[in-house]
Structures are given as C-alpha cells and as structure tokens.
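Peer 1: Pasting a structure here, questions to come.
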Amino acid sequence: MMGDENGIPSLVKNQRLVQERRRQIIQGAFTLFVRKGFHKTTTREIARECGLSIGTMYEYIQSKEDVLYLVCDHIHTELERRLREAVMGISTGKEGLTRAVAEHFRLMGEMSDYVLLIYQETKSLSEEAKKRILDKEKEITAIFEGILQRGIQDGTLTLEPSFVKLMAHNIMVLGQMWTFRRWALGGHYTLEEYTRRQTALLLSECTQGDLGGDYDDERES
C-alpha cells in the first residue's frame, strides 16, 4: 500500500493517477458536503457524484474521513496558491499587503461555503489530520507575516515588530469575518466596499508608527 505527502494510503502505485482520481473525489465530495454536511453524506454517494464505483474509490482512500481531509487540504492549498500569486513581483511591503488583503477577502467571498465547511467539520478528523490542517492555516498566516516584515524593512510600514504575528492573525480573521458574518454585513456593504474599508483601517494601523505603545507604557507603569 502506497502513501503520499498527505499520509493517506492508496492501493494504486501510479502517483499521477492517484492525484487525478483524488481530484475527482474532492470535486464530488465538495458538492455533497456543502449541501448535506459531512455526517449525512455516505461514501457511496461520493463515489456516485464523482463517477467512480465504490470499489474503485476505495483504491484511493480508506475512509470518508480521508475524503474530508483531502477536501480541507485542497481548500487550504488553493488559498495559499492564490495568495502567493497575488504578491508576486511586488515592490514594497505596503503594496504586498494591499494586494494580499484584497485577494484574501476575494477568496473568502468566492469560497465561503468551503471555508465554512472546514470550520464546521474539521472536528471530525483524527488529531493527526486536524494538526496537519491547522499547520496549513499557519502557513497561510505566515504569508502575511512575511509581507508585514518586508514592509517594516523597506520602511513602507511602521508596525512594531512584536505586533507582526498578531496583525497577521487579525488579517486572517477579518477575511473570515466576511464568510461568517456576511448575513449581517452583506446588507450594508458589498465585498468591494468591505475590502476597501478594512484595507484602509489596516493600513492606518500599520503606518501610524507606534502601535501598542500606549498599552505597553500603561502595562509597565
């Protein structure tokens, strides 16, 4: 039995074929998990949706939990790929931040059902698989950390270095807020307006020079 970088065993040795069939499985499972939820979806339904027999599908995965992991991993991989593409060729950290925030928010709008799926169903994964998914989230957050650090180095952002990690996580949450709170925000803002206003707030925080200074002074007094 062969394994891959995801740690999911397959009976098939041809890795190109494994990747191709798993893409089919992921696409079929996407639709069903979003519509019915993970627990109400059967492996037989997944096989039917992706055009494989149940026996053939089990040559590429061992359980329904494997399918859920593949789906979550695919979503994170796509998010990371799109973010990295968005900041290719940037000249300053500030430019990179503006581009990356816009792409992150755009992705949260496009993939909102899938992002909700991750947060609703990740609890069904094994602890090991869950850790790998959370590590993927950390890798995406690290993209923003790198952009912020570059801005500090080139002088286009004046964020205190000790606040870089906090700000990177804040940016992640602001994007996800459109997914989780769109039911409330969508009646007042378009995604473009939301992005523009949040970007202005973030740039204000990252260019004001002494973020957190008053708090640190108060804590030390």
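So you can find residues: chains in the structure tokens are A, B, ... in the order shown, residues in each start at 1, and ligands are numbered from 1 in order.
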For Lys123 (chain A), find every residue with an atom within 12 Å (counting only C-alpha atoms), except residues of its own chain fewer than 3 positions away, and show them as a list in words.

Peer 2: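 After dropping sequence-adjacent residues, the list is Phe38, His39, Glu65, Leu68, Tyr69, Cys72, Leu117, Ile118, Tyr119, Gln120, Ser126, Glu127, Glu128, Ala129, Lys130, Lys131, Ile133 and Leu134 of chain A.
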
Peer 1: Would you kindly return, as JSON, numbers by chain, each protein, DNA or RNA residue with an atom no farther than 12 Å from any atom of Tyr58 (chain A), considering only C-alpha atoms and excluding same-chain residues fewer than 2 positions away?

Peer 2: {"A": [8, 9, 10, 11, 12, 18, 21, 22, 25, 43, 44, 46, 47, 52, 53, 54, 55, 56, 60, 61, 62, 63, 64, 66, 67]}

Peer 1: Can you spit out the residues from that selection as an mmCIF file, in the first residue's frame, using C-alpha atoms?

Peer 2:
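Resulting contents of out35.cif:
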```cif
data_model
loop_
_atom_site.group_PDB
_atom_site.id
_atom_site.type_symbol
_atom_site.label_atom_id
_atom_site.label_comp_id
_atom_site.auth_asym_id
_atom_site.auth_seq_id
_atom_site.Cartn_x
_atom_site.Cartn_y
_atom_site.Cartn_z
ATOM 1 C CA ILE A 8 -3.233 8.790 3.033
ATOM 2 C CA PRO A 9 -2.512 5.260 1.763
ATOM 3 C CA SER A 10 -3.533 4.166 -1.738
ATOM 4 C CA LEU A 11 -3.614 0.743 -3.386
ATOM 5 C CA VAL A 12 -2.514 2.379 -6.647
ATOM 6 C CA VAL A 18 -3.764 8.836 -7.686
ATOM 7 C CA ARG A 21 -8.660 10.299 -9.128
ATOM 8 C CA ARG A 22 -8.419 12.175 -5.857
ATOM 9 C CA ILE A 25 -13.222 12.563 -5.399
ATOM 10 C CA THR A 43 -19.185 7.163 0.699
ATOM 11 C CA ARG A 44 -21.499 5.553 -1.852
ATOM 12 C CA ILE A 46 -19.475 10.443 -3.001
ATOM 13 C CA ALA A 47 -18.495 7.651 -5.407
ATOM 14 C CA LEU A 52 -16.444 6.083 -9.666
ATOM 15 C CA SER A 53 -17.617 2.748 -8.341
ATOM 16 C CA ILE A 54 -17.392 2.379 -4.570
ATOM 17 C CA GLY A 55 -14.730 -0.301 -5.022
ATOM 18 C CA THR A 56 -12.611 1.890 -7.269
ATOM 19 C CA TYR A 60 -7.541 5.756 -3.485
ATOM 20 C CA ILE A 61 -8.834 6.411 0.057
ATOM 21 C CA GLN A 62 -9.520 4.276 3.112
ATOM 22 C CA SER A 63 -12.390 6.129 4.764
ATOM 23 C CA LYS A 64 -14.804 9.038 4.492
ATOM 24 C CA ASP A 66 -9.759 10.635 4.312
ATOM 25 C CA VAL A 67 -12.059 12.385 1.835
#
```

Peer 1: Rounded to one decimal in Å, what is the spacing between CA of Gly109 (chain A) and CA of Glu145 (chain A)?

Peer 2: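 Answer for the CA of Gly109 (chain A) to CA of Glu145 (chain A) separation: 22.1 Å.
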
Peer 1: Return as a list in words the full set of residues in region 46-79 of chain A whose backbone-based DSSP assignment is alpha helix (DSSP H).

Peer 2: Ile46, Ala47, Arg48, Glu49, Cys50, Ile54, Gly55, Thr56, Met57, Lys64, Glu65, Asp66, Val67, Leu68, Tyr69, Leu70, Val71, Cys72, Asp73, His74, Ile75, His76, Thr77, Glu78 and Leu79 of chain A

Peer 1: Pick out the residues sitting within 8 Å of region 90-94 of chain A, and hand them over as a PDB file with C-alpha atoms, in the first residue's frame; count only C-alpha atoms, and ignore anything fewer than 4 positions along from it in its own chain.

Peer 2:
```pdb
ATOM      1  CA  THR A  98      -2.820  45.783  -0.135  1.00  0.00           C
ATOM      2  CA  ILE A 147       4.644  40.803   3.943  1.00  0.00           C
ATOM      3  CA  LEU A 148       4.449  42.830   7.157  1.00  0.00           C
ATOM      4  CA  GLN A 149       8.095  42.144   7.943  1.00  0.00           C
ATOM      5  CA  ARG A 150       9.103  43.228   4.455  1.00  0.00           C
ATOM      6  CA  GLY A 151       7.167  46.468   4.904  1.00  0.00           C
ATOM      7  CA  ILE A 152       8.978  47.159   8.172  1.00  0.00           C
ATOM      8  CA  ASP A 154      11.655  48.712   3.444  1.00  0.00           C
ATOM      9  CA  THR A 156       6.617  51.431   3.915  1.00  0.00           C
ATOM     10  CA  LEU A 157       5.029  50.011   7.096  1.00  0.00           C
ATOM     11  CA  LEU A 203      -3.002  50.475   6.597  1.00  0.00           C
TER      12      LEU A 203
END
```

Peer 1: Name all residues at most 9 Å from region 187-193 of chain A (count only C-alpha atoms; drop same-chain ones fewer than 6 positions away) and give them as a ChimeraX atom specification.

Peer 2: /A:102,105-106,109,178

Peer 1: Filtering to N, CA, C and O atoms, could you give me those residues as a CSV table (one decimal), in the first residue's frame?

Peer 2:
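Written output follows (out-v9.csv):
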```csv
chain,number,residue,atom,x,y,z
A,102,ALA,N,-6.6,42.2,-0.5
A,102,ALA,CA,-7.7,42.1,-1.5
A,102,ALA,C,-8.0,40.7,-2.0
A,102,ALA,O,-9.1,40.3,-2.1
A,105,PHE,N,-9.6,38.5,0.9
A,105,PHE,CA,-11.0,38.8,1.0
A,105,PHE,C,-11.8,38.3,-0.2
A,105,PHE,O,-13.0,37.8,0.0
A,106,ARG,N,-11.3,38.5,-1.4
A,106,ARG,CA,-11.9,38.0,-2.6
A,106,ARG,C,-12.2,36.4,-2.5
A,106,ARG,O,-13.2,35.9,-2.8
A,109,GLY,N,-14.9,35.5,-0.2
A,109,GLY,CA,-16.2,35.6,-0.9
A,109,GLY,C,-16.5,34.5,-1.8
A,109,GLY,O,-17.6,33.9,-1.8
A,178,TRP,N,-16.0,38.0,6.7
A,178,TRP,CA,-16.9,38.1,5.6
A,178,TRP,C,-17.7,36.8,5.4
A,178,TRP,O,-18.9,36.8,5.1
```

Peer 1: Go through A:Gly37, A:His74, A:Val87, A:Asn170 one by one, measure the shortest atom-to-atom distance of each to Leu201 (chain A) using only C-alpha atoms, and give the residue with the smallest value.

Peer 2: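 The answer is A:Asn170, which sits nearest to Leu201 (chain A).
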
Peer 1: From the options A:Leu70, A:Cys50, A:Val164, A:Leu159, which residue's atoms come nearest to Thr207 (chain A), counting only C-alpha atoms?

Peer 2: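 Nearest to Thr207 (chain A): A:Leu159.
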
Peer 1: Pick from A:Arg181, A:Arg35, A:Arg132, A:Lys40: nearest to Asp73 (chain A), with only C-alpha atoms counted?

Peer 2: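 Answer, going by the shortest atom-to-atom distance: A:Arg132.
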
Peer 1: Would you kindly return, as a VMD selection string, each protein, DNA or RNA residue with an atom no farther than 12 Å from any atom of Ala168 (chain A), considering only C-alpha atoms and excluding same-chain residues fewer than 3 positions away?

Peer 2: chain A and resid 97 100 to 101 104 137 to 149 159 161 to 165 171 to 175 202 206

Peer 1: Can you tell me how far CA of Glu20 (chain A) sits from CA of Glu49 (chain A), in Å to one decimal?

Peer 2: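 Interatomic distance, CA of Glu20 (chain A) to CA of Glu49 (chain A): 15.3 Å.
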
Peer 1: Counting only C-alpha atoms, which residue out of A:Leu107, A:Leu125, A:Gly186, A:Gln208 sits closest to Arg81 (chain A)?

Peer 2: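 Ranking A:Leu107, A:Leu125, A:Gly186, A:Gln208 by distance to Arg81 (chain A), first place goes to A:Leu107.
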